[in-house]
file query36.cif (mmCIF, C-alpha atoms)
data_input
#
loop_
_atom_site.label_atom_id
_atom_site.label_comp_id
_atom_site.auth_asym_id
_atom_site.auth_seq_id
_atom_site.Cartn_x
_atom_site.Cartn_y
_atom_site.Cartn_z
CA MET A 1 33.15 28.93 5.99
CA VAL A 2 30.04 26.70 5.74
CA TRP A 3 26.79 28.32 6.77
CA LYS A 4 24.29 26.09 8.49
CA LEU A 5 20.62 26.81 7.93
CA MET A 6 19.00 27.81 11.22
CA LEU A 7 15.24 27.40 11.33
CA SER A 8 12.95 28.63 14.05
CA PRO A 9 11.77 25.91 16.46
CA THR A 10 8.25 26.06 14.95
CA ALA A 11 9.53 25.63 11.39
CA GLN A 12 12.00 22.92 12.45
CA LYS A 13 9.23 20.91 14.09
CA LEU A 14 7.27 20.92 10.83
CA VAL A 15 10.40 19.90 8.87
CA ASP A 16 10.87 16.99 11.30
CA LEU A 17 7.27 15.90 10.67
CA PHE A 18 7.58 16.13 6.87
CA VAL A 19 10.74 13.99 6.75
CA LYS A 20 8.69 11.12 8.18
CA PHE A 21 6.78 11.00 4.87
CA PRO A 22 7.97 8.34 2.38
CA THR A 23 10.69 9.62 -0.01
CA VAL A 24 10.73 13.10 1.58
CA GLY A 25 14.24 14.20 2.51
CA ARG A 26 15.28 17.16 4.65
CA ARG A 27 15.66 19.59 1.74
CA THR A 28 12.24 18.76 0.32
CA ALA A 29 10.72 19.08 3.81
CA GLN A 30 12.32 22.52 4.17
CA ARG A 31 10.90 23.56 0.79
CA PHE A 32 7.43 22.50 1.97
CA VAL A 33 7.83 24.61 5.12
CA PHE A 34 9.09 27.68 3.24
CA TYR A 35 6.19 27.30 0.79
CA LEU A 36 3.69 27.19 3.67
CA ILE A 37 5.28 30.22 5.36
CA LYS A 38 4.72 32.26 2.20
CA SER A 39 1.24 30.86 1.48
CA ASP A 40 -2.01 32.69 2.15
CA GLN A 41 -3.72 31.80 5.41
CA SER A 42 -6.71 30.44 3.46
CA GLU A 43 -4.46 27.96 1.62
CA VAL A 44 -2.94 26.77 4.90
CA ASN A 45 -6.44 26.46 6.42
CA ASP A 46 -7.53 24.34 3.43
CA LEU A 47 -4.55 22.03 4.00
CA ILE A 48 -5.33 21.72 7.72
CA GLU A 49 -8.99 20.95 6.96
CA ALA A 50 -8.07 18.36 4.31
CA ILE A 51 -5.76 16.56 6.76
CA LYS A 52 -8.49 16.55 9.44
CA ASN A 53 -11.00 15.14 6.95
CA LEU A 54 -8.51 12.50 5.88
CA LYS A 55 -8.29 11.15 9.43
CA ASN A 56 -12.01 11.55 10.17
CA LYS A 57 -13.53 10.25 6.92
CA ILE A 58 -11.04 7.65 5.69
CA LYS A 59 -11.07 4.14 7.17
CA LEU A 60 -9.24 0.92 6.31
CA CYS A 61 -11.05 -2.12 4.94
CA ASP A 62 -11.37 -4.97 7.46
CA TRP A 63 -10.31 -7.55 4.86
CA CYS A 64 -7.70 -5.99 2.61
CA GLY A 65 -6.54 -2.83 4.38
CA LYS A 66 -7.47 -0.50 1.47
CA SER A 67 -8.53 3.00 2.43
CA TYR A 68 -12.06 4.19 1.63
CA GLU A 69 -14.46 7.02 2.49
CA THR A 70 -16.77 6.02 5.35
CA GLU A 71 -19.86 6.61 3.15
CA GLN A 72 -18.56 4.08 0.59
CA GLN A 73 -18.25 1.07 2.91
CA ILE A 74 -20.48 -1.95 3.34
CA ASN A 75 -20.07 -3.74 6.69
CA GLY A 76 -16.51 -2.46 7.13
CA LEU A 77 -15.46 -3.51 3.62
CA CYS A 78 -14.20 -1.40 0.74
CA ALA A 79 -15.87 -1.36 -2.71
CA ILE A 80 -13.56 -4.09 -4.03
CA CYS A 81 -14.01 -6.55 -1.15
CA SER A 82 -17.80 -6.03 -1.05
CA ASN A 83 -18.17 -6.50 -4.83
CA ASN A 84 -19.86 -9.86 -5.52
CA GLN A 85 -18.44 -9.86 -9.06
CA ARG A 86 -14.87 -10.27 -7.74
CA ASP A 87 -13.29 -13.73 -7.49
CA LYS A 88 -13.02 -14.32 -3.74
CA THR A 89 -10.95 -17.50 -4.24
CA VAL A 90 -7.88 -15.53 -5.44
CA VAL A 91 -6.10 -13.05 -3.16
CA CYS A 92 -3.24 -10.84 -4.30
CA VAL A 93 -0.82 -9.87 -1.51
CA ILE A 94 0.79 -6.46 -2.11
CA GLU A 95 3.05 -4.19 -0.09
CA LYS A 96 1.42 -0.80 -0.66
CA GLU A 97 -2.01 0.53 -1.56
CA VAL A 98 -0.49 2.30 -4.56
CA ASP A 99 0.37 -1.19 -5.90
CA LEU A 100 -3.33 -2.05 -5.76
CA GLU A 101 -4.14 1.04 -7.83
CA THR A 102 -1.44 0.08 -10.36
CA ILE A 103 -2.78 -3.47 -10.74
CA GLU A 104 -6.42 -2.30 -10.92
CA LYS A 105 -5.60 0.04 -13.82
CA THR A 106 -4.71 -2.98 -15.96
CA GLY A 107 -8.27 -4.33 -15.64
CA GLN A 108 -6.80 -7.86 -15.72
CA PHE A 109 -7.09 -8.92 -12.07
CA LYS A 110 -10.58 -9.82 -10.85
CA GLY A 111 -9.73 -11.24 -7.41
CA LEU A 112 -9.30 -9.58 -4.02
CA TYR A 113 -6.31 -7.97 -2.31
CA PHE A 114 -4.40 -8.09 0.95
CA ILE A 115 -2.24 -5.04 1.67
CA TRP A 116 0.69 -6.08 3.84
CA ASP A 117 1.35 -4.02 6.96
CA THR A 118 5.09 -4.24 7.64
CA ASN A 119 4.63 -2.76 11.11
CA ASN A 120 2.84 -5.86 12.41
CA GLU A 121 3.97 -8.92 10.48
CA GLU A 122 2.90 -11.57 13.00
CA GLN A 123 -0.63 -10.20 13.11
CA GLN A 124 -0.66 -9.98 9.30
CA LEU A 125 0.36 -13.63 8.96
CA LYS A 126 -2.47 -14.67 11.30
CA LYS A 127 -4.98 -12.48 9.50
CA LEU A 128 -4.00 -13.88 6.08
CA SER A 129 -4.07 -17.45 7.39
CA ASN A 130 -7.54 -16.96 8.94
CA ARG A 131 -8.82 -15.43 5.74
CA ILE A 132 -7.64 -18.44 3.72
CA LYS A 133 -9.42 -20.81 6.11
CA LYS A 134 -12.69 -18.87 6.34
CA GLU A 135 -13.07 -17.59 2.77
CA THR A 136 -12.13 -20.76 0.82
CA VAL A 137 -9.20 -19.02 -0.86
CA LYS A 138 -7.61 -21.28 -3.47
CA GLU A 139 -4.72 -19.10 -4.67
CA ILE A 140 -2.48 -16.49 -3.06
CA ILE A 141 -0.56 -14.32 -5.52
CA LEU A 142 2.52 -12.79 -3.90
CA ALA A 143 2.71 -9.55 -5.89
CA LEU A 144 5.60 -8.14 -3.90
CA ASP A 145 8.28 -5.79 -5.15
CA PRO A 146 11.23 -7.70 -6.70
CA THR A 147 13.61 -6.25 -4.12
CA MET A 148 15.57 -8.00 -1.37
CA ASP A 149 12.90 -7.00 1.19
CA GLY A 150 10.14 -8.22 -1.13
CA ARG A 151 11.83 -11.58 -1.62
CA GLN A 152 12.37 -12.03 2.12
CA LEU A 153 8.72 -11.20 2.79
CA ALA A 154 7.58 -13.68 0.11
CA LEU A 155 9.68 -16.41 1.73
CA LYS A 156 8.25 -15.62 5.18
CA ILE A 157 4.67 -15.77 3.87
CA GLN A 158 5.35 -19.03 1.98
CA ARG A 159 6.75 -20.67 5.11
CA SER A 160 3.84 -19.56 7.28
CA LEU A 161 1.23 -20.86 4.80
CA GLU A 162 2.89 -24.12 3.75
CA THR A 163 0.56 -26.25 5.93
CA LEU A 164 -2.57 -24.78 4.31
CA ALA A 165 -4.15 -26.18 1.16
CA VAL A 166 -3.65 -23.07 -0.92
CA LYS A 167 -1.76 -22.51 -4.18
CA LEU A 168 1.02 -19.92 -3.81
CA THR A 169 2.16 -18.08 -6.92
CA GLN A 170 4.38 -15.10 -7.64
CA LEU A 171 4.30 -12.57 -10.44
CA GLY A 172 6.05 -13.73 -13.59
CA ARG A 173 8.98 -12.11 -15.31
CA GLY A 174 8.88 -8.61 -16.66
CA LEU A 175 9.27 -6.68 -13.43
CA PRO A 176 12.84 -5.42 -13.07
CA VAL A 177 14.81 -6.77 -10.11
CA GLY A 178 15.09 -4.06 -7.47
CA GLY A 179 12.14 -2.16 -8.95
CA GLU A 180 8.74 -1.40 -7.47
CA ILE A 181 5.32 -2.37 -8.77
CA GLU A 182 3.92 1.15 -8.53
CA TYR A 183 6.38 2.33 -11.23
CA ALA A 184 5.72 -0.49 -13.70
CA ASP A 185 3.59 0.16 -16.78
CA GLN A 186 0.25 -1.61 -17.37
CA GLU A 187 1.64 -3.99 -20.02
CA THR A 188 4.40 -5.17 -17.67
CA ILE A 189 1.93 -5.74 -14.82
CA THR A 190 -0.48 -7.59 -17.13
CA SER A 191 2.36 -9.79 -18.41
CA ALA A 192 3.56 -10.47 -14.86
CA LEU A 193 0.04 -11.46 -13.74
CA GLU A 194 -0.47 -13.76 -16.71
CA GLY A 195 2.96 -15.35 -16.24
CA ARG A 196 2.67 -15.99 -12.51
CA LYS A 197 3.94 -19.35 -11.32
#
call {"tool": "encode", "arguments": {"input": "query36.cif", "output": "structure tokens"}}
result
Amino acid sequence: MVWKLMLSPTAQKLVDLFVKFPTVGRRTAQRFVFYLIKSDQSEVNDLIEAIKNLKNKIKLCDWCGKSYETEQQINGLCAICSNNQRDKTVVCVIEKEVDLETIEKTGQFKGLYFIWDTNNEEQQLKKLSNRIKKETVKEIILALDPTMDGRQLALKIQRSLETLAVKLTQLGRGLPVGGEIEYADQETITSALEGRK
């Protein structure tokens, strides 16, 4: 006989919320819930407060979509986009903010970023196109994951920008097909940036 785990409605609701997180399956979500049930009230209160602060104090950059603390912004821009030392003629399109962090750790890329929002592709295409026109962008680097979804997105972006006078490049070899940028080491990312074509 197979026993099915029966959670209380309150616990099940929290499990259902946790499984919406990227890479969190049902078992992991249940472990989170059981951990919270056994935790001290002060620890749970700290978690609740941290989540509230996250939504109240963190905003998204108007240009690139990177998250930042509200005290760290200049005219709605994050520290990277408002930095005059960055090369504003080169924009690196990435799929996730964690990819930005991975590329920044190499210290090799001095341009700006554009974090792609898969939930609103048409609006993203317009936003990227407008940015190219207004900001005199000369090169767009499509630093997308070498997966089927990443390749399809790259093709969609290339087609939408083909009428604009901008150089489109993609990361060079070194990234494994089917892999994700966030898991690549710094040497691989550096090599891929240098070998873009």
call {"tool": "atom_distance", "arguments": {"input": "query36.cif", "atom1": "CA of Gln152 in chain A", "atom2": "CA of Lys127 in chain A"}}
result
18.9 Å
call {"tool": "resolve_selection", "arguments": {"input": "query36.cif", "expression": "the PyMOL selection byres ((chain A and resi 59) around 8)", "output": "list in words"}}
result
Lys55, Lys57, Ile58, Leu60, Cys61, Ser67, Tyr68, Glu69 and Thr70 of chain A
call {"tool": "atom_distance", "arguments": {"input": "query36.cif", "atom1": "CA of Ala143 in chain A", "atom2": "CA of Cys81 in chain A"}}
result
17.6 Å
call {"tool": "residues_near_point", "arguments": {"input": "query36.cif", "point": "(-4.7, -26.5, -5.9)", "cutoff": "12 Å", "atoms": "all atoms listed in the file", "output": "MDAnalysis selection string"}}
result
chainID A and resid 89:90 136:140 164:169
call {"tool": "closest_residue", "arguments": {"input": "query36.cif", "among": "A:Ser82, A:Asn75, A:Gln123, A:Lys66", "to": "Glu95 in chain A", "atoms": "all atoms listed in the file"}}
result
A:Lys66
call {"tool": "resolve_selection", "arguments": {"input": "query36.cif", "expression": "the PyMOL selection byres ((chain A and resi 94) around 6)", "output": "ChimeraX atom specification"}}
result
/A:93,95-96,115-116,143-144
call {"tool": "closest_residue", "arguments": {"input": "query36.cif", "among": "A:Val91, A:Ala154, A:Arg86, A:Thr106", "to": "Trp63 in chain A", "atoms": "all atoms listed in the file"}}
result
A:Val91
call {"tool": "residues_around", "arguments": {"input": "query36.cif", "residues": "Arg27 in chain A", "least_positions_apart": "4", "cutoff": "12 Å", "atoms": "all atoms listed in the file", "output": "list in words"}}
result
Leu5, Gln12, Val15, Asp16, Phe18, Val19, Thr23, Arg31, Phe32, Val33 and Phe34 of chain A
call {"tool": "atom_distance", "arguments": {"input": "query36.cif", "atom1": "CA of Gln170 in chain A", "atom2": "CA of Leu142 in chain A"}}
result
4.8 Å
call {"tool": "residues_around", "arguments": {"input": "query36.cif", "residues": "Ile80 in chain A", "least_positions_apart": "2", "cutoff": "12 Å", "atoms": "only C-alpha atoms", "output": "PyMOL selection string"}}
result
chain A and resi 61-68+72-74+76-78+82-88+91+100-101+104+109-114
call {"tool": "write_last_selection", "arguments": {"input": "query36.cif", "atoms": "C-alpha atoms", "output": "PDB file, in the coordinates of the input"}}
result
ATOM      1  CA  CYS A  61     -11.050  -2.120   4.940  1.00  0.00           C
ATOM      2  CA  ASP A  62     -11.370  -4.970   7.460  1.00  0.00           C
ATOM      3  CA  TRP A  63     -10.310  -7.550   4.860  1.00  0.00           C
ATOM      4  CA  CYS A  64      -7.700  -5.990   2.610  1.00  0.00           C
ATOM      5  CA  GLY A  65      -6.540  -2.830   4.380  1.00  0.00           C
ATOM      6  CA  LYS A  66      -7.470  -0.500   1.470  1.00  0.00           C
ATOM      7  CA  SER A  67      -8.530   3.000   2.430  1.00  0.00           C
ATOM      8  CA  TYR A  68     -12.060   4.190   1.630  1.00  0.00           C
ATOM      9  CA  GLN A  72     -18.560   4.080   0.590  1.00  0.00           C
ATOM     10  CA  GLN A  73     -18.250   1.070   2.910  1.00  0.00           C
ATOM     11  CA  ILE A  74     -20.480  -1.950   3.340  1.00  0.00           C
ATOM     12  CA  GLY A  76     -16.510  -2.460   7.130  1.00  0.00           C
ATOM     13  CA  LEU A  77     -15.460  -3.510   3.620  1.00  0.00           C
ATOM     14  CA  CYS A  78     -14.200  -1.400   0.740  1.00  0.00           C
ATOM     15  CA  SER A  82     -17.800  -6.030  -1.050  1.00  0.00           C
ATOM     16  CA  ASN A  83     -18.170  -6.500  -4.830  1.00  0.00           C
ATOM     17  CA  ASN A  84     -19.860  -9.860  -5.520  1.00  0.00           C
ATOM     18  CA  GLN A  85     -18.440  -9.860  -9.060  1.00  0.00           C
ATOM     19  CA  ARG A  86     -14.870 -10.270  -7.740  1.00  0.00           C
ATOM     20  CA  ASP A  87     -13.290 -13.730  -7.490  1.00  0.00           C
ATOM     21  CA  LYS A  88     -13.020 -14.320  -3.740  1.00  0.00           C
ATOM     22  CA  VAL A  91      -6.100 -13.050  -3.160  1.00  0.00           C
ATOM     23  CA  LEU A 100      -3.330  -2.050  -5.760  1.00  0.00           C
ATOM     24  CA  GLU A 101      -4.140   1.040  -7.830  1.00  0.00           C
ATOM     25  CA  GLU A 104      -6.420  -2.300 -10.920  1.00  0.00           C
ATOM     26  CA  PHE A 109      -7.090  -8.920 -12.070  1.00  0.00           C
ATOM     27  CA  LYS A 110     -10.580  -9.820 -10.850  1.00  0.00           C
ATOM     28  CA  GLY A 111      -9.730 -11.240  -7.410  1.00  0.00           C
ATOM     29  CA  LEU A 112      -9.300  -9.580  -4.020  1.00  0.00           C
ATOM     30  CA  TYR A 113      -6.310  -7.970  -2.310  1.00  0.00           C
ATOM     31  CA  PHE A 114      -4.400  -8.090   0.950  1.00  0.00           C
TER      32      PHE A 114
END
call {"tool": "decode", "arguments": {"input": "query36.cif", "residues": "range 19-55 of chain A", "atoms": "N, CA and C atoms", "output": "compact mmCIF listing (two decimals), in the first residue's frame"}}
result
# COMPACT_ATOMS: atom_id res chain seq x y z
N VAL A 19 6.74 25.95 -4.93
CA VAL A 19 7.03 25.26 -6.19
C VAL A 19 7.01 26.21 -7.39
N LYS A 20 6.55 27.43 -7.19
CA LYS A 20 6.60 28.43 -8.26
C LYS A 20 8.01 29.00 -8.42
N PHE A 21 8.88 28.79 -7.41
CA PHE A 21 10.25 29.27 -7.48
C PHE A 21 11.02 28.46 -8.52
N PRO A 22 11.96 29.08 -9.24
CA PRO A 22 12.77 28.34 -10.22
C PRO A 22 13.52 27.19 -9.56
N THR A 23 13.50 26.05 -10.20
CA THR A 23 14.20 24.81 -9.82
C THR A 23 13.72 24.20 -8.50
N VAL A 24 12.64 24.68 -7.92
CA VAL A 24 12.12 24.10 -6.68
C VAL A 24 10.99 23.13 -7.02
N GLY A 25 11.22 21.86 -6.72
CA GLY A 25 10.21 20.84 -6.93
C GLY A 25 9.35 20.67 -5.69
N ARG A 26 8.38 19.76 -5.78
CA ARG A 26 7.44 19.56 -4.67
C ARG A 26 8.14 19.07 -3.41
N ARG A 27 9.07 18.14 -3.54
CA ARG A 27 9.76 17.62 -2.34
C ARG A 27 10.56 18.70 -1.64
N THR A 28 11.28 19.49 -2.42
CA THR A 28 12.07 20.58 -1.83
C THR A 28 11.14 21.58 -1.16
N ALA A 29 10.02 21.90 -1.81
CA ALA A 29 9.04 22.83 -1.23
C ALA A 29 8.51 22.29 0.10
N GLN A 30 8.25 21.00 0.15
CA GLN A 30 7.77 20.39 1.40
C GLN A 30 8.84 20.49 2.49
N ARG A 31 10.10 20.28 2.10
CA ARG A 31 11.19 20.40 3.09
C ARG A 31 11.25 21.81 3.65
N PHE A 32 11.08 22.82 2.76
CA PHE A 32 11.05 24.21 3.23
C PHE A 32 9.95 24.41 4.26
N VAL A 33 8.77 23.88 3.97
CA VAL A 33 7.61 24.06 4.86
C VAL A 33 7.86 23.37 6.20
N PHE A 34 8.36 22.13 6.16
CA PHE A 34 8.63 21.41 7.41
C PHE A 34 9.71 22.13 8.23
N TYR A 35 10.69 22.71 7.54
CA TYR A 35 11.73 23.48 8.23
C TYR A 35 11.10 24.68 8.94
N LEU A 36 10.22 25.39 8.23
CA LEU A 36 9.59 26.58 8.81
C LEU A 36 8.67 26.21 9.99
N ILE A 37 7.99 25.08 9.88
CA ILE A 37 7.11 24.65 10.97
C ILE A 37 7.91 24.46 12.26
N LYS A 38 9.12 23.92 12.12
CA LYS A 38 9.96 23.62 13.29
C LYS A 38 10.82 24.81 13.73
N SER A 39 10.86 25.86 12.92
CA SER A 39 11.70 27.02 13.24
C SER A 39 11.11 27.86 14.35
N ASP A 40 12.00 28.62 15.02
CA ASP A 40 11.55 29.56 16.04
C ASP A 40 10.73 30.66 15.37
N GLN A 41 9.82 31.24 16.12
CA GLN A 41 8.98 32.32 15.59
C GLN A 41 9.83 33.50 15.13
N SER A 42 10.93 33.78 15.85
CA SER A 42 11.79 34.91 15.49
C SER A 42 12.43 34.69 14.12
N GLU A 43 12.80 33.45 13.81
CA GLU A 43 13.40 33.15 12.51
C GLU A 43 12.38 33.33 11.39
N VAL A 44 11.15 32.90 11.63
CA VAL A 44 10.08 33.07 10.65
C VAL A 44 9.77 34.55 10.46
N ASN A 45 9.76 35.30 11.57
CA ASN A 45 9.51 36.75 11.48
C ASN A 45 10.60 37.45 10.67
N ASP A 46 11.86 37.01 10.86
CA ASP A 46 12.97 37.58 10.08
C ASP A 46 12.77 37.33 8.59
N LEU A 47 12.33 36.13 8.24
CA LEU A 47 12.08 35.78 6.84
C LEU A 47 10.96 36.65 6.26
N ILE A 48 9.88 36.80 7.02
CA ILE A 48 8.75 37.62 6.58
C ILE A 48 9.20 39.07 6.36
N GLU A 49 9.98 39.59 7.29
CA GLU A 49 10.48 40.98 7.18
C GLU A 49 11.40 41.14 5.99
N ALA A 50 12.28 40.15 5.75
CA ALA A 50 13.21 40.22 4.62
C ALA A 50 12.46 40.22 3.29
N ILE A 51 11.39 39.43 3.19
CA ILE A 51 10.58 39.39 1.97
C ILE A 51 9.86 40.72 1.76
N LYS A 52 9.33 41.30 2.83
CA LYS A 52 8.68 42.61 2.73
C LYS A 52 9.67 43.67 2.25
N ASN A 53 10.86 43.67 2.84
CA ASN A 53 11.89 44.64 2.45
C ASN A 53 12.30 44.46 1.00
N LEU A 54 12.36 43.21 0.57
CA LEU A 54 12.73 42.92 -0.81
C LEU A 54 11.78 43.62 -1.77
N LYS A 55 10.49 43.54 -1.50
CA LYS A 55 9.50 44.15 -2.38
C LYS A 55 9.41 45.66 -2.20
